[in-house]
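So this block is run34.pdb, PDB, N, CA and C atoms:
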ATOM      1  N   MET A 501      18.244   5.749 -61.203
ATOM      2  CA  MET A 501      19.290   5.159 -60.413
ATOM      3  C   MET A 501      19.509   5.942 -59.117
ATOM      4  N   LYS A 502      19.448   7.272 -59.227
ATOM      5  CA  LYS A 502      19.644   8.118 -58.061
ATOM      6  C   LYS A 502      18.514   7.904 -57.049
ATOM      7  N   ARG A 503      17.288   7.737 -57.534
ATOM      8  CA  ARG A 503      16.151   7.501 -56.645
ATOM      9  C   ARG A 503      16.293   6.163 -55.925
ATOM     10  N   LEU A 504      16.778   5.172 -56.605
ATOM     11  CA  LEU A 504      16.973   3.860 -56.010
ATOM     12  C   LEU A 504      18.023   3.923 -54.907
ATOM     13  N   LEU A 505      19.080   4.669 -55.135
ATOM     14  CA  LEU A 505      20.124   4.833 -54.137
ATOM     15  C   LEU A 505      19.596   5.565 -52.907
ATOM     16  N   VAL A 506      18.806   6.615 -53.109
ATOM     17  CA  VAL A 506      18.228   7.375 -51.992
ATOM     18  C   VAL A 506      17.249   6.497 -51.215
ATOM     19  N   ALA A 507      16.424   5.719 -51.905
ATOM     20  CA  ALA A 507      15.467   4.836 -51.237
ATOM     21  C   ALA A 507      16.203   3.770 -50.425
ATOM     22  N   GLY A 508      17.250   3.209 -50.954
ATOM     23  CA  GLY A 508      18.040   2.219 -50.230
ATOM     24  C   GLY A 508      18.693   2.800 -49.001
ATOM     25  N   LEU A 509      19.201   4.023 -49.114
ATOM     26  CA  LEU A 509      19.825   4.693 -47.981
ATOM     27  C   LEU A 509      18.797   4.970 -46.877
ATOM     28  N   LEU A 510      17.597   5.397 -47.263
ATOM     29  CA  LEU A 510      16.546   5.648 -46.269
ATOM     30  C   LEU A 510      16.142   4.364 -45.550
ATOM     31  N   LEU A 511      16.044   3.264 -46.266
ATOM     32  CA  LEU A 511      15.710   1.986 -45.636
ATOM     33  C   LEU A 511      16.810   1.534 -44.682
ATOM     34  N   LEU A 512      18.042   1.774 -45.047
ATOM     35  CA  LEU A 512      19.158   1.409 -44.197
ATOM     36  C   LEU A 512      19.152   2.215 -42.901
ATOM     37  N   LEU A 513      18.907   3.505 -43.002
ATOM     38  CA  LEU A 513      18.878   4.359 -41.816
ATOM     39  C   LEU A 513      17.647   4.109 -40.961
ATOM     40  N   ALA A 514      16.519   3.754 -41.570
ATOM     41  CA  ALA A 514      15.294   3.500 -40.810
ATOM     42  C   ALA A 514      15.418   2.236 -39.973
ATOM     43  N   GLY A 515      16.264   1.313 -40.363
ATOM     44  CA  GLY A 515      16.453   0.081 -39.612
ATOM     45  C   GLY A 515      17.155   0.287 -38.288
ATOM     46  N   CYS A 516      17.771   1.420 -38.071
ATOM     47  CA  CYS A 516      18.500   1.689 -36.838
ATOM     48  C   CYS A 516      17.597   2.236 -35.738
ATOM     49  N   SER A 517      16.390   2.662 -36.074
ATOM     50  CA  SER A 517      15.466   3.232 -35.113
ATOM     51  C   SER A 517      14.483   2.166 -34.641
ATOM     52  N   VAL A 518      14.356   2.018 -33.321
ATOM     53  CA  VAL A 518      13.520   0.979 -32.729
ATOM     54  C   VAL A 518      12.609   1.611 -31.680
ATOM     55  N   THR A 519      11.336   1.231 -31.676
ATOM     56  CA  THR A 519      10.407   1.684 -30.644
ATOM     57  C   THR A 519      10.400   0.659 -29.521
ATOM     58  N   ARG A 520      10.644   1.110 -28.314
ATOM     59  CA  ARG A 520      10.695   0.231 -27.143
ATOM     60  C   ARG A 520       9.469   0.437 -26.263
ATOM     61  N   GLN A 521       9.058  -0.628 -25.606
ATOM     62  CA  GLN A 521       7.964  -0.581 -24.643
ATOM     63  C   GLN A 521       8.572  -0.381 -23.258
ATOM     64  N   ALA A 522       8.295   0.754 -22.642
ATOM     65  CA  ALA A 522       8.810   1.038 -21.305
ATOM     66  C   ALA A 522       7.975   0.302 -20.269
ATOM     67  N   GLU A 523       8.642  -0.292 -19.278
ATOM     68  CA  GLU A 523       7.977  -1.051 -18.228
ATOM     69  C   GLU A 523       8.206  -0.381 -16.885
ATOM     70  N   VAL A 524       7.257  -0.552 -15.980
ATOM     71  CA  VAL A 524       7.353   0.043 -14.648
ATOM     72  C   VAL A 524       8.519  -0.588 -13.892
ATOM     73  N   SER A 525       9.409   0.254 -13.391
ATOM     74  CA  SER A 525      10.559  -0.243 -12.636
ATOM     75  C   SER A 525      10.492   0.131 -11.156
ATOM     76  N   HIS A 526       9.844   1.259 -10.833
ATOM     77  CA  HIS A 526       9.798   1.710  -9.452
ATOM     78  C   HIS A 526       8.570   2.591  -9.245
ATOM     79  N   THR A 527       7.904   2.420  -8.107
ATOM     80  CA  THR A 527       6.793   3.304  -7.736
ATOM     81  C   THR A 527       7.041   3.824  -6.330
ATOM     82  N   ASP A 528       6.631   5.050  -6.107
ATOM     83  CA  ASP A 528       6.753   5.686  -4.801
ATOM     84  C   ASP A 528       5.392   6.300  -4.488
ATOM     85  N   ALA A 529       4.551   5.567  -3.772
ATOM     86  CA  ALA A 529       3.179   5.995  -3.517
ATOM     87  C   ALA A 529       3.083   7.273  -2.687
ATOM     88  N   PRO A 530       3.842   7.437  -1.581
ATOM     89  CA  PRO A 530       3.702   8.672  -0.793
ATOM     90  C   PRO A 530       4.054   9.936  -1.586
ATOM     91  N   ASN A 531       5.052   9.853  -2.450
ATOM     92  CA  ASN A 531       5.455  11.017  -3.242
ATOM     93  C   ASN A 531       4.759  11.074  -4.596
ATOM     94  N   GLY A 532       4.089  10.004  -5.000
ATOM     95  CA  GLY A 532       3.376   9.971  -6.272
ATOM     96  C   GLY A 532       4.300   9.954  -7.475
ATOM     97  N   ILE A 533       5.340   9.137  -7.451
ATOM     98  CA  ILE A 533       6.299   9.049  -8.551
ATOM     99  C   ILE A 533       6.248   7.646  -9.151
ATOM    100  N   VAL A 534       6.225   7.573 -10.483
ATOM    101  CA  VAL A 534       6.298   6.304 -11.206
ATOM    102  C   VAL A 534       7.475   6.407 -12.165
ATOM    103  N   ARG A 535       8.357   5.402 -12.127
ATOM    104  CA  ARG A 535       9.506   5.358 -13.036
ATOM    105  C   ARG A 535       9.354   4.180 -13.982
ATOM    106  N   LEU A 536       9.571   4.445 -15.269
ATOM    107  CA  LEU A 536       9.512   3.410 -16.296
ATOM    108  C   LEU A 536      10.877   3.302 -16.955
ATOM    109  N   ASN A 537      11.285   2.086 -17.314
ATOM    110  CA  ASN A 537      12.590   1.836 -17.937
ATOM    111  C   ASN A 537      12.443   1.122 -19.262
ATOM    112  N   TYR A 538      13.390   1.391 -20.156
ATOM    113  CA  TYR A 538      13.576   0.588 -21.362
ATOM    114  C   TYR A 538      15.056   0.580 -21.697
ATOM    115  N   GLY A 539      15.488  -0.448 -22.434
ATOM    116  CA  GLY A 539      16.894  -0.602 -22.779
ATOM    117  C   GLY A 539      17.194  -0.123 -24.184
ATOM    118  N   GLN A 540      18.422   0.331 -24.377
ATOM    119  CA  GLN A 540      18.876   0.802 -25.676
ATOM    120  C   GLN A 540      20.274   0.238 -25.922
ATOM    121  N   ALA A 541      20.400  -0.590 -26.973
ATOM    122  CA  ALA A 541      21.691  -1.189 -27.303
ATOM    123  C   ALA A 541      22.574  -0.186 -28.034
ATOM    124  N   MET A 542      23.869  -0.512 -28.091
ATOM    125  CA  MET A 542      24.825   0.338 -28.783
ATOM    126  C   MET A 542      24.464   0.424 -30.269
ATOM    127  N   LEU A 543      24.671   1.559 -30.877
ATOM    128  CA  LEU A 543      24.371   1.836 -32.287
ATOM    129  C   LEU A 543      22.890   1.697 -32.604
ATOM    130  N   GLN A 544      22.050   1.858 -31.621
ATOM    131  CA  GLN A 544      20.615   1.765 -31.819
ATOM    132  C   GLN A 544      19.977   3.082 -31.398
ATOM    133  N   ASN A 545      19.016   3.530 -32.174
ATOM    134  CA  ASN A 545      18.288   4.749 -31.851
ATOM    135  C   ASN A 545      16.920   4.349 -31.321
ATOM    136  N   ALA A 546      16.865   3.960 -30.051
ATOM    137  CA  ALA A 546      15.610   3.519 -29.451
ATOM    138  C   ALA A 546      14.829   4.732 -28.948
ATOM    139  N   HIS A 547      13.525   4.662 -29.078
ATOM    140  CA  HIS A 547      12.638   5.697 -28.553
ATOM    141  C   HIS A 547      11.387   5.019 -28.019
ATOM    142  N   TYR A 548      10.543   5.777 -27.343
ATOM    143  CA  TYR A 548       9.324   5.236 -26.756
ATOM    144  C   TYR A 548       8.123   6.010 -27.273
ATOM    145  N   ASP A 549       6.962   5.374 -27.209
ATOM    146  CA  ASP A 549       5.716   6.004 -27.604
ATOM    147  C   ASP A 549       5.171   6.743 -26.382
ATOM    148  N   ALA A 550       5.101   8.053 -26.446
ATOM    149  CA  ALA A 550       4.686   8.866 -25.298
ATOM    150  C   ALA A 550       3.257   8.554 -24.861
ATOM    151  N   TYR A 551       2.379   8.253 -25.803
ATOM    152  CA  TYR A 551       0.982   7.953 -25.478
ATOM    153  C   TYR A 551       0.879   6.651 -24.681
ATOM    154  N   VAL A 552       1.619   5.635 -25.102
ATOM    155  CA  VAL A 552       1.579   4.331 -24.427
ATOM    156  C   VAL A 552       2.206   4.429 -23.039
ATOM    157  N   THR A 553       3.346   5.110 -22.917
ATOM    158  CA  THR A 553       3.993   5.224 -21.609
ATOM    159  C   THR A 553       3.154   6.063 -20.646
ATOM    160  N   ASN A 554       2.474   7.083 -21.146
ATOM    161  CA  ASN A 554       1.586   7.869 -20.293
ATOM    162  C   ASN A 554       0.425   7.008 -19.799
ATOM    163  N   GLY A 555      -0.099   6.144 -20.665
ATOM    164  CA  GLY A 555      -1.171   5.242 -20.251
ATOM    165  C   GLY A 555      -0.705   4.250 -19.206
ATOM    166  N   THR A 556       0.505   3.732 -19.364
ATOM    167  CA  THR A 556       1.070   2.802 -18.383
ATOM    168  C   THR A 556       1.265   3.495 -17.040
ATOM    169  N   ALA A 557       1.801   4.707 -17.057
ATOM    170  CA  ALA A 557       2.027   5.455 -15.819
ATOM    171  C   ALA A 557       0.699   5.845 -15.166
ATOM    172  N   THR A 558      -0.292   6.235 -15.956
ATOM    173  CA  THR A 558      -1.602   6.600 -15.413
ATOM    174  C   THR A 558      -2.255   5.400 -14.747
ATOM    175  N   ARG A 559      -2.168   4.238 -15.376
ATOM    176  CA  ARG A 559      -2.738   3.012 -14.801
ATOM    177  C   ARG A 559      -2.060   2.687 -13.464
ATOM    178  N   GLU A 560      -0.741   2.869 -13.395
ATOM    179  CA  GLU A 560      -0.017   2.612 -12.152
ATOM    180  C   GLU A 560      -0.393   3.636 -11.079
ATOM    181  N   CYS A 561      -0.547   4.897 -11.479
ATOM    182  CA  CYS A 561      -0.958   5.936 -10.526
ATOM    183  C   CYS A 561      -2.360   5.657  -9.985
ATOM    184  N   GLN A 562      -3.261   5.220 -10.851
ATOM    185  CA  GLN A 562      -4.623   4.920 -10.411
ATOM    186  C   GLN A 562      -4.653   3.749  -9.442
ATOM    187  N   SER A 563      -3.723   2.804  -9.594
ATOM    188  CA  SER A 563      -3.662   1.696  -8.642
ATOM    189  C   SER A 563      -3.166   2.155  -7.272
ATOM    190  N   MET A 564      -2.493   3.327  -7.228
ATOM    191  CA  MET A 564      -2.020   3.875  -5.955
ATOM    192  C   MET A 564      -2.999   4.893  -5.371
ATOM    193  N   GLY A 565      -4.116   5.181  -6.067
ATOM    194  CA  GLY A 565      -5.122   6.096  -5.545
ATOM    195  C   GLY A 565      -5.098   7.486  -6.129
ATOM    196  N   TYR A 566      -4.261   7.719  -7.142
ATOM    197  CA  TYR A 566      -4.206   9.024  -7.803
ATOM    198  C   TYR A 566      -5.071   8.994  -9.058
ATOM    199  N   ALA A 567      -5.338  10.154  -9.640
ATOM    200  CA  ALA A 567      -6.223  10.239 -10.795
ATOM    201  C   ALA A 567      -5.498  10.075 -12.124
ATOM    202  N   THR A 568      -4.360  10.729 -12.282
ATOM    203  CA  THR A 568      -3.672  10.723 -13.571
ATOM    204  C   THR A 568      -2.171  10.877 -13.383
ATOM    205  N   ALA A 569      -1.422  10.806 -14.488
ATOM    206  CA  ALA A 569       0.029  10.953 -14.448
ATOM    207  C   ALA A 569       0.472  12.033 -15.427
ATOM    208  N   SER A 570       1.542  12.725 -15.074
ATOM    209  CA  SER A 570       2.102  13.767 -15.923
ATOM    210  C   SER A 570       3.607  13.547 -16.046
ATOM    211  N   PHE A 571       4.134  13.736 -17.275
ATOM    212  CA  PHE A 571       5.564  13.577 -17.517
ATOM    213  C   PHE A 571       6.335  14.506 -16.596
ATOM    214  N   TYR A 572       7.424  13.994 -16.009
ATOM    215  CA  TYR A 572       8.142  14.722 -14.972
ATOM    216  C   TYR A 572       9.642  14.640 -15.234
ATOM    217  N   GLY A 573      10.302  15.760 -15.455
ATOM    218  CA  GLY A 573      11.745  15.790 -15.646
ATOM    219  C   GLY A 573      12.181  15.359 -17.036
ATOM    220  N   GLN A 574      13.435  14.989 -17.159
ATOM    221  CA  GLN A 574      14.012  14.532 -18.418
ATOM    222  C   GLN A 574      14.334  13.045 -18.312
ATOM    223  N   PRO A 575      14.353  12.332 -19.455
ATOM    224  CA  PRO A 575      14.785  10.928 -19.407
ATOM    225  C   PRO A 575      16.227  10.818 -18.899
ATOM    226  N   ILE A 576      16.470   9.833 -18.053
ATOM    227  CA  ILE A 576      17.783   9.635 -17.460
ATOM    228  C   ILE A 576      18.413   8.406 -18.107
ATOM    229  N   LYS A 577      19.597   8.585 -18.712
ATOM    230  CA  LYS A 577      20.304   7.479 -19.351
ATOM    231  C   LYS A 577      21.469   7.056 -18.472
ATOM    232  N   THR A 578      21.525   5.755 -18.170
ATOM    233  CA  THR A 578      22.636   5.190 -17.418
ATOM    234  C   THR A 578      23.140   3.960 -18.148
ATOM    235  N   CYS A 579      24.435   3.762 -18.128
ATOM    236  CA  CYS A 579      25.025   2.618 -18.804
ATOM    237  C   CYS A 579      24.845   1.378 -17.936
ATOM    238  N   SER A 580      24.314   0.311 -18.522
ATOM    239  CA  SER A 580      24.078  -0.906 -17.746
ATOM    240  C   SER A 580      25.086  -2.012 -18.062
ATOM    241  N   ILE A 581      25.727  -1.973 -19.239
ATOM    242  CA  ILE A 581      26.737  -2.971 -19.591
ATOM    243  C   ILE A 581      27.953  -2.264 -20.180
ATOM    244  N   PHE A 582      29.117  -2.491 -19.558
ATOM    245  CA  PHE A 582      30.376  -1.917 -20.026
ATOM    246  C   PHE A 582      31.232  -2.993 -20.670
ATOM    247  N   SER A 583      32.029  -2.584 -21.646
ATOM    248  CA  SER A 583      33.098  -3.416 -22.178
ATOM    249  C   SER A 583      34.306  -2.508 -22.300
ATOM    250  N   GLY A 584      35.163  -2.552 -21.316
ATOM    251  CA  GLY A 584      36.276  -1.605 -21.264
ATOM    252  C   GLY A 584      35.729  -0.233 -20.937
ATOM    253  N   SER A 585      35.932   0.715 -21.841
ATOM    254  CA  SER A 585      35.406   2.058 -21.634
ATOM    255  C   SER A 585      34.213   2.345 -22.537
ATOM    256  N   VAL A 586      33.716   1.321 -23.228
ATOM    257  CA  VAL A 586      32.600   1.485 -24.162
ATOM    258  C   VAL A 586      31.312   0.990 -23.512
ATOM    259  N   CYS A 587      30.268   1.781 -23.636
ATOM    260  CA  CYS A 587      28.958   1.387 -23.119
ATOM    261  C   CYS A 587      28.238   0.559 -24.183
ATOM    262  N   LEU A 588      27.891  -0.680 -23.850
ATOM    263  CA  LEU A 588      27.218  -1.557 -24.802
ATOM    264  C   LEU A 588      25.700  -1.492 -24.708
ATOM    265  N   ASN A 589      25.173  -1.149 -23.527
ATOM    266  CA  ASN A 589      23.731  -1.087 -23.356
ATOM    267  C   ASN A 589      23.388   0.003 -22.353
ATOM    268  N   GLU A 590      22.431   0.846 -22.712
ATOM    269  CA  GLU A 590      21.979   1.909 -21.825
ATOM    270  C   GLU A 590      20.588   1.590 -21.313
ATOM    271  N   SER A 591      20.329   1.997 -20.089
ATOM    272  CA  SER A 591      19.001   1.912 -19.507
ATOM    273  C   SER A 591      18.451   3.333 -19.433
ATOM    274  N   VAL A 592      17.283   3.544 -20.015
ATOM    275  CA  VAL A 592      16.664   4.874 -20.045
ATOM    276  C   VAL A 592      15.484   4.861 -19.074
ATOM    277  N   THR A 593      15.475   5.807 -18.129
ATOM    278  CA  THR A 593      14.418   5.919 -17.126
ATOM    279  C   THR A 593      13.571   7.140 -17.422
ATOM    280  N   ILE A 594      12.257   6.939 -17.467
ATOM    281  CA  ILE A 594      11.294   8.011 -17.699
ATOM    282  C   ILE A 594      10.484   8.164 -16.415
ATOM    283  N   GLN A 595      10.325   9.395 -15.934
ATOM    284  CA  GLN A 595       9.622   9.635 -14.687
ATOM    285  C   GLN A 595       8.280  10.314 -14.933
ATOM    286  N   TYR A 596       7.298   9.895 -14.150
ATOM    287  CA  TYR A 596       5.968  10.501 -14.180
ATOM    288  C   TYR A 596       5.557  10.863 -12.762
ATOM    289  N   LYS A 597       4.856  11.983 -12.630
ATOM    290  CA  LYS A 597       4.331  12.445 -11.342
ATOM    291  C   LYS A 597       2.832  12.188 -11.330
ATOM    292  N   CYS A 598       2.358  11.525 -10.287
ATOM    293  CA  CYS A 598       0.928  11.250 -10.147
ATOM    294  C   CYS A 598       0.227  12.499  -9.606
ATOM    295  N   LEU A 599      -0.931  12.793 -10.171
ATOM    296  CA  LEU A 599      -1.669  13.996  -9.812
ATOM    297  C   LEU A 599      -3.117  13.662  -9.464
ATOM    298  N   GLY A 600      -3.706  14.467  -8.598
ATOM    299  CA  GLY A 600      -5.132  14.346  -8.292
ATOM    300  C   GLY A 600      -5.448  13.202  -7.349
ATOM    301  N   TYR A 601      -6.707  13.146  -6.988
ATOM    302  CA  TYR A 601      -7.200  12.120  -6.091
ATOM    303  C   TYR A 601      -8.294  11.360  -6.818
ATOM    304  N   ALA A 602      -8.151  10.057  -6.915
ATOM    305  CA  ALA A 602      -9.151   9.243  -7.607
ATOM    306  C   ALA A 602     -10.264   8.879  -6.642
ATOM    307  N   VAL A 603     -11.483   9.173  -7.036
ATOM    308  CA  VAL A 603     -12.646   8.838  -6.229
ATOM    309  C   VAL A 603     -13.124   7.458  -6.653
ATOM    310  N   ASN A 604     -13.266   6.573  -5.691
ATOM    311  CA  ASN A 604     -13.742   5.235  -5.955
ATOM    312  C   ASN A 604     -15.266   5.224  -5.856
ATOM    313  N   PRO A 605     -15.998   5.050  -6.977
ATOM    314  CA  PRO A 605     -17.457   5.155  -6.925
ATOM    315  C   PRO A 605     -18.106   4.074  -6.053
ATOM    316  N   SER A 606     -17.484   2.925  -5.890
ATOM    317  CA  SER A 606     -18.084   1.871  -5.059
ATOM    318  C   SER A 606     -17.932   2.167  -3.569
ATOM    319  N   ALA A 607     -17.070   3.105  -3.218
ATOM    320  CA  ALA A 607     -16.841   3.417  -1.817
ATOM    321  C   ALA A 607     -17.744   4.547  -1.301
ATOM    322  N   THR A 608     -18.547   5.141  -2.158
ATOM    323  CA  THR A 608     -19.399   6.235  -1.718
ATOM    324  C   THR A 608     -20.547   5.693  -0.859
ATOM    325  N   GLN A 609     -20.928   6.447   0.127
ATOM    326  CA  GLN A 609     -21.987   6.034   1.028
ATOM    327  C   GLN A 609     -23.324   6.606   0.550
ATOM    328  N   ALA A 610     -24.346   5.821   0.697
ATOM    329  CA  ALA A 610     -25.683   6.291   0.348
ATOM    330  C   ALA A 610     -26.245   7.081   1.525
ATOM    331  N   TRP A 611     -26.851   8.201   1.232
ATOM    332  CA  TRP A 611     -27.432   9.058   2.257
ATOM    333  C   TRP A 611     -28.939   8.803   2.298
ATOM    334  N   TYR A 612     -29.373   8.146   3.357
ATOM    335  CA  TYR A 612     -30.809   7.814   3.490
ATOM    336  C   TYR A 612     -31.466   8.718   4.482
TER     337      TYR A 612
END
Could you quickly redo this structure as C-alpha cells?
Amino acid sequence: MKRLLVAGLLLLLAGCSVTRQAEVSHTDAPNGIVRLNYGQAMLQNAHYDAYVTNGTATRECQSMGYATASFYGQPIKTCSIFSGSVCLNESVTIQYKCLGYAVNPSATQAWY
C-alpha cells in the first residue's frame, strides 16, 4: 500500500514538469547574439532541452555567417500576462553568442 501511494505521488508530481521547445525571437547579426523564447504557465515547471536549443541557435548563427553558438548569460524570466498582482504566464529568454567564422566551401576560388 505504501509503494502504491509513493508511485501515485511521483506520477502526480511528474505531471507538473513540461519540456518546451524554444523558438528564435530575436537575432543581432553584427553582435552575434541569438535569443530564444518559450512560455511557462503558472504552477508549471517548464524547462528546455539544452541540446535542441543549442542546435537551433547554431543553425541561426550559421545563417548569419558564424560557425557555432555558445550559451551566454542566464535565462531571463519576464511576466507576460498579469491578473492583478499575480503572474499567470512567464516568458523565458535564453541567449546564445555566435562564435567563429563559417567558411562557405562553394565560395572558394580555384587557383589555376
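Taken over the whole file, the PyMOL selection byres ((chain A and resi 573) around 7) covers exactly Phe571, Tyr572, Gln574, Pro575, Gln595 and Tyr596 of chain A.
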Inset, instruction - Give me, please, the distance in Å between CA of Arg535 in chain A and atom N of Ser583 in chain A, quoted to one decimal. - result: 25.4 Å
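For the pair atom C of Thr556 in chain A and CA of Ser570 in chain A, the separation is 10.4 Å.
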For range 547-549 of chain A, work out the shell of residues within 7 Å, counting only N, CA and C atoms and skipping chain neighbours fewer than 5 positions away, then give it as a PDB file with N, CA and C atoms, in the coordinates of the input.
ATOM      1  N   SER A 517      16.390   2.662 -36.074  1.00  0.00           N
ATOM      2  CA  SER A 517      15.466   3.232 -35.113  1.00  0.00           C
ATOM      3  C   SER A 517      14.483   2.166 -34.641  1.00  0.00           C
ATOM      4  N   VAL A 518      14.356   2.018 -33.321  1.00  0.00           N
ATOM      5  CA  VAL A 518      13.520   0.979 -32.729  1.00  0.00           C
ATOM      6  C   VAL A 518      12.609   1.611 -31.680  1.00  0.00           C
ATOM      7  N   THR A 519      11.336   1.231 -31.676  1.00  0.00           N
ATOM      8  CA  THR A 519      10.407   1.684 -30.644  1.00  0.00           C
ATOM      9  C   THR A 519      10.400   0.659 -29.521  1.00  0.00           C
ATOM     10  N   ARG A 520      10.644   1.110 -28.314  1.00  0.00           N
ATOM     11  CA  ARG A 520      10.695   0.231 -27.143  1.00  0.00           C
ATOM     12  C   ARG A 520       9.469   0.437 -26.263  1.00  0.00           C
ATOM     13  N   GLN A 521       9.058  -0.628 -25.606  1.00  0.00           N
ATOM     14  CA  GLN A 521       7.964  -0.581 -24.643  1.00  0.00           C
ATOM     15  C   GLN A 521       8.572  -0.381 -23.258  1.00  0.00           C
ATOM     16  N   ALA A 522       8.295   0.754 -22.642  1.00  0.00           N
ATOM     17  CA  ALA A 522       8.810   1.038 -21.305  1.00  0.00           C
ATOM     18  C   ALA A 522       7.975   0.302 -20.269  1.00  0.00           C
ATOM     19  N   ASN A 554       2.474   7.083 -21.146  1.00  0.00           N
ATOM     20  CA  ASN A 554       1.586   7.869 -20.293  1.00  0.00           C
ATOM     21  C   ASN A 554       0.425   7.008 -19.799  1.00  0.00           C
TER      22      ASN A 554
END
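These residues, each with an atom at most 7 Å from (13.3, -0.2, -21.8) using only C-alpha atoms, are Arg520, Gln521, Ala522, Glu523, Asn537, Tyr538, Gly539, Gln540, Ser591 and Val592 of chain A.
If all atoms listed in the file are the atoms counted, then among A:Ala550, A:Cys587, A:Ala567, A:Cys561 the closest residue to Ile533 in chain A is A:Cys561.
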Legend entry - d(CA of Pro530 in chain A, atom N of Arg559 in chain A) in Å: 16.3 Å
Inset, instruction - Apply DSSP to the structure's backbone, then extract all residues of chain A labelled strand (DSSP E or B) and return them as number ranges by chain. - result: A: 517-520, 523-528, 533-541, 545-548, 568-571, 576-583, 586-599
Alpha helix (DSSP H) per DSSP on the backbone: members of chain A, as a short mmCIF file (atom, residue, chain, number, x, y, z; two decimals) with N, CA and C atoms, keeping the file's coordinate frame:
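Printed below is states_20.cif as written:
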data_model
loop_
_atom_site.label_atom_id
_atom_site.label_comp_id
_atom_site.auth_asym_id
_atom_site.auth_seq_id
_atom_site.Cartn_x
_atom_site.Cartn_y
_atom_site.Cartn_z
N LYS A 502 19.45 7.27 -59.23
CA LYS A 502 19.64 8.12 -58.06
C LYS A 502 18.51 7.90 -57.05
N ARG A 503 17.29 7.74 -57.53
CA ARG A 503 16.15 7.50 -56.64
C ARG A 503 16.29 6.16 -55.92
N LEU A 504 16.78 5.17 -56.60
CA LEU A 504 16.97 3.86 -56.01
C LEU A 504 18.02 3.92 -54.91
N LEU A 505 19.08 4.67 -55.14
CA LEU A 505 20.12 4.83 -54.14
C LEU A 505 19.60 5.56 -52.91
N VAL A 506 18.81 6.62 -53.11
CA VAL A 506 18.23 7.38 -51.99
C VAL A 506 17.25 6.50 -51.22
N ALA A 507 16.42 5.72 -51.90
CA ALA A 507 15.47 4.84 -51.24
C ALA A 507 16.20 3.77 -50.42
N GLY A 508 17.25 3.21 -50.95
CA GLY A 508 18.04 2.22 -50.23
C GLY A 508 18.69 2.80 -49.00
N LEU A 509 19.20 4.02 -49.11
CA LEU A 509 19.82 4.69 -47.98
C LEU A 509 18.80 4.97 -46.88
N LEU A 510 17.60 5.40 -47.26
CA LEU A 510 16.55 5.65 -46.27
C LEU A 510 16.14 4.36 -45.55
N LEU A 511 16.04 3.26 -46.27
CA LEU A 511 15.71 1.99 -45.64
C LEU A 511 16.81 1.53 -44.68
N LEU A 512 18.04 1.77 -45.05
CA LEU A 512 19.16 1.41 -44.20
C LEU A 512 19.15 2.22 -42.90
N LEU A 513 18.91 3.50 -43.00
CA LEU A 513 18.88 4.36 -41.82
C LEU A 513 17.65 4.11 -40.96
N ALA A 514 16.52 3.75 -41.57
CA ALA A 514 15.29 3.50 -40.81
C ALA A 514 15.42 2.24 -39.97
N ALA A 550 5.10 8.05 -26.45
CA ALA A 550 4.69 8.87 -25.30
C ALA A 550 3.26 8.55 -24.86
N TYR A 551 2.38 8.25 -25.80
CA TYR A 551 0.98 7.95 -25.48
C TYR A 551 0.88 6.65 -24.68
N VAL A 552 1.62 5.64 -25.10
CA VAL A 552 1.58 4.33 -24.43
C VAL A 552 2.21 4.43 -23.04
N THR A 553 3.35 5.11 -22.92
CA THR A 553 3.99 5.22 -21.61
C THR A 553 3.15 6.06 -20.65
N ASN A 554 2.47 7.08 -21.15
CA ASN A 554 1.59 7.87 -20.29
C ASN A 554 0.42 7.01 -19.80
N GLY A 555 -0.10 6.14 -20.66
CA GLY A 555 -1.17 5.24 -20.25
C GLY A 555 -0.70 4.25 -19.21
N THR A 556 0.50 3.73 -19.36
CA THR A 556 1.07 2.80 -18.38
C THR A 556 1.26 3.50 -17.04
N ALA A 557 1.80 4.71 -17.06
CA ALA A 557 2.03 5.46 -15.82
C ALA A 557 0.70 5.84 -15.17
N THR A 558 -0.29 6.24 -15.96
CA THR A 558 -1.60 6.60 -15.41
C THR A 558 -2.26 5.40 -14.75
N ARG A 559 -2.17 4.24 -15.38
CA ARG A 559 -2.74 3.01 -14.80
C ARG A 559 -2.06 2.69 -13.46
N GLU A 560 -0.74 2.87 -13.40
CA GLU A 560 -0.02 2.61 -12.15
C GLU A 560 -0.39 3.64 -11.08
N CYS A 561 -0.55 4.90 -11.48
CA CYS A 561 -0.96 5.94 -10.53
C CYS A 561 -2.36 5.66 -9.98
N GLN A 562 -3.26 5.22 -10.85
CA GLN A 562 -4.62 4.92 -10.41
C GLN A 562 -4.65 3.75 -9.44
N SER A 563 -3.72 2.80 -9.59
CA SER A 563 -3.66 1.70 -8.64
C SER A 563 -3.17 2.15 -7.27
#
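With all atoms listed in the file as the atoms that count, the residue of A:Leu536, A:Ala569, A:Ile581, A:Leu543 with the shortest distance to Gly600 in chain A is A:Ala569.
Residue nearest Ala541 in chain A within the list A:Val524, A:Ala602, A:Gly584, A:Asn589: A:Asn589 [criterion: smallest interatomic distance, all atoms listed in the file].
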Legend entry - Spatial neighbours of Thr568 in chain A, max dist 6.5 Å, only N, CA and C atoms, sep filter under 3 positions, as number ranges by chain: A: 557-558, 561-562, 597-601
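Residue nearest Lys577 in chain A within the list A:Thr593, A:Asn545, A:Ser563, A:Thr527: A:Thr593 [criterion: smallest interatomic distance, only C-alpha atoms].
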